[in-house]
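Engineer: Just passing along the structure, written as structure tokens.
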Amino acid sequence: MDKSGLKPTKLRAGALDQQKQPRALPQRIGWKVSLRKTLRKPQFWFGATILLPTAIWYWVFSFQPILTAFWIASVRFKLLAPASSPFVGLDNFRDLFANPLFMVAVSNTLYWAVLAFCLMLPISMIVSLCLANVARGRRIYQFIVFIPVVISLVAISLLFRMLMDPDVGQFNHLLNSFGIPSFGWLSDSATALPTAVVIGVWKGIGFYVIVLTAGMLNIPTELQDAARVDGANEWQRFWKITLPLLSHTLVLVTVLLIIGSLQEFTLPQLLRSSSANQSLYMLNILIYEEAFQNLHFGIATAAALLQFVFILLISLLQIKLIRPKWSY
Amino acid sequence: MQLLSTTEVARADRRAKGRRASSKFISQSLMHVVLLAISFLALAPFIWSIFASFKPFKELVSSQDLLPHTWTLNSYREIFTRAHFLDAAQNSLIAAVSVTIATLLTSSAVGYVFAKYRFWGKDLLFTILLSTLMVPFSVILIPLYIRIADIGLANSLGGIIITGLWSTFGIFMMRQFMETIPFDLLDAARIDGASEWRIFFGIVIPLATAPLAALGVFTFLGNWDSYLWPLVVLNSPEKQTIPLILAGLRSLYWTRYDMWAAGSMLTVVPVLIIYAFASKWFIRGIAMTGIKG
């Protein structure tokens, strides 16, 4: 009682507990005072009204589902009584590897990613080099190149299926009129995947072109001018200035492209036809079909978690690569 | 002698300039050729499909001409009467508009709090929020579907809307912008007696119209185009959105290319109109992601 007599005015709140733990007293009063101070701040109430519903939503629709995914992947999921699903350890992963379609899906997905990378990067580099250096009309070209990006992927899939119909499609009509025999396009298992990747590149290239052009225009012109004064030709300026200073953007673009390719679903799903067998069977299609056609929730989630690990590794690699060793 | 050499120098200079100008002309024309070719490739399928949607079915599958010989609206009539396109458009609009409005509100508010407020655990909380961007959607597809079914929103637009109320990308984007608002501005308003809500809606939101416009168009189009999640959530035909109805044409009307063309055009044209008015925000918004990385 005599110790606390030093600060009599601030005592009331902690008066009940003080006999049990007299030493902790000053700290506790400080905590309560600062809490009371905080509660009086209008900022606290504004922040709390915003953050509380945000936290609840994220917990219910994001964090908890992520945690649940790990549980689903480790049980034999029972649809009618989920709570009594027996724990099976890594059995879902074993079943996944035993499924012959899994290897098909993985190799198709990797093939898609590599092909998309090899097509997308050089073409979008050429187009953005032109866009960054063209004296007039940049805005209208950007406008047009970006149109396929904003357009519904489902509509685009239907349009190309129609154009690439082996019998009545416009593409084969066009080839025939030049005397070239008809082509299988999406209906032939040998050409379906490359054709679908080309459609994907056609749809997505505008995005990469805009990002790369912005990156190129962001390089200070003084550097280009200095090199020009020193007698560097266009080719040298591209390899020695534009490309190294763009490496930051290039890494970002590459990672976005690869992560996107690994999660491709809508395009291959809609371009798939029975005549092309499993040539457009992607990892995400396997996850979808395992889950909602075969009702193997555990196996589907196991496949999704493998995909997650893969994407995580690529993201970590990007974080390591993207730290620039120089600046301008 | 002196005079002669100056004219000579001038002539040589002019010649060099001419050479530079002509090589510049060649490289510029070359770039225009590449860009025109790309523009043609980007537009050609649409131009062909617009005209295709006005062709009668028989002509569409047999003729190679761009322009229809007989113009008809039959394919549009069929897509409305047979494929419930109007219901789908209404569903798509409701879902996309509500998600967009909610995302704009939540992203700007949360982004503002993370940019301008100081509180315990802020950085950790923000890192945890951002880490959800790394998780592919396929991981939470099944748990999220179970959750939606549990709260009775399976097979309803509510299931689409409720999962789109907050957007991590939107929060990140708005926080990036809010950091540029000076503290002095907010403090001045506080001294003048403005409440926190007044500051947010009266000062912060009007300053943020540009990034909000960009985020708004991204969110609207992303939802207008969304396929996988609605495919899982919405089952009955009258609840389905445009992408589902369109994709359904593949199996229901698998040879009716005239209906395909008409349905695609009906999906594409509203988006093109929005894009024509908002392309500035799009291109600026996308370019920003590349620079800030």
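Starting from 1 in every chain, residues are counted up; chains themselves are A, B, ... following the order of the structure tokens, and ligands are numbered from 1 as listed.
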List as a ChimeraX atom specification the protein and nucleic acid residues near A:Val209, meaning an atom at most 7 Å away when only C-alpha atoms are counted, but skip any in the same chain fewer than 6 places from it.

Structural biologist: /A:124,127-128

Engineer: Can I get the selected residues back with C-alpha atoms, as an mmCIF file, in the first residue's frame?

Structural biologist:
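Output file selection.cif follows:
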```
data_model
loop_
_atom_site.group_PDB
_atom_site.id
_atom_site.type_symbol
_atom_site.label_atom_id
_atom_site.label_comp_id
_atom_site.auth_asym_id
_atom_site.auth_seq_id
_atom_site.Cartn_x
_atom_site.Cartn_y
_atom_site.Cartn_z
ATOM 1 C CA SER A 124 7.240 -9.607 -76.859
ATOM 2 C CA VAL A 127 7.395 -5.839 -80.256
ATOM 3 C CA SER A 128 8.281 -3.768 -77.206
#
```

Engineer: At a cut-off of 10 Å, using only C-alpha atoms, what residues contact stretch 81-91 of chain A? Leave out same-chain residues fewer than 2 positions from it and give the result as a compact mmCIF listing (two decimals) with C-alpha atoms, in the first residue's frame.

Structural biologist:
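The resulting selection_24.txt:
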```txt
# COMPACT_ATOMS: atom_id res chain seq x y z
CA TRP A 71 -5.77 -31.69 -43.56
CA ILE A 72 -7.77 -32.77 -46.64
CA ALA A 73 -4.59 -33.97 -48.35
CA SER A 74 -3.84 -36.26 -45.41
CA VAL A 75 -7.24 -37.95 -44.96
CA ARG A 76 -9.54 -40.18 -46.99
CA PHE A 77 -12.20 -37.48 -47.30
CA LYS A 78 -15.78 -38.58 -46.60
CA LEU A 79 -18.24 -36.31 -48.35
CA PHE A 93 0.25 -38.63 -52.68
CA ARG A 94 0.97 -42.31 -53.36
CA ASP A 95 -2.33 -42.68 -55.21
CA LEU A 96 -1.57 -39.53 -57.16
CA PHE A 97 1.80 -40.84 -58.32
CA GLY A 298 -7.71 -35.81 -50.99
CA ILE A 299 -5.87 -36.70 -54.19
CA ALA A 302 -2.40 -33.40 -52.80
CA ILE B 146 -16.78 -26.89 -48.67
```

Engineer: Please, which residues of chain A lie no more than 7 Å from chain B when the count uses only C-alpha atoms, and can they be set out as an NGL selection string?

Structural biologist: :A and (42-43 or 46-47 or 50-51 or 61 or 65-66 or 68-69 or 127 or 130 or 134 or 141 or 143-145 or 148 or 151-155 or 158-159 or 162 or 168 or 170 or 173 or 210-211 or 214-215 or 249 or 252 or 266 or 297 or 301 or 304-305 or 308 or 312)

Engineer: Expressed in Å to a single decimal, how great is the separation between atom CA of B:Pro56 and atom CA of B:Tyr253?

Structural biologist: 15.3 Å
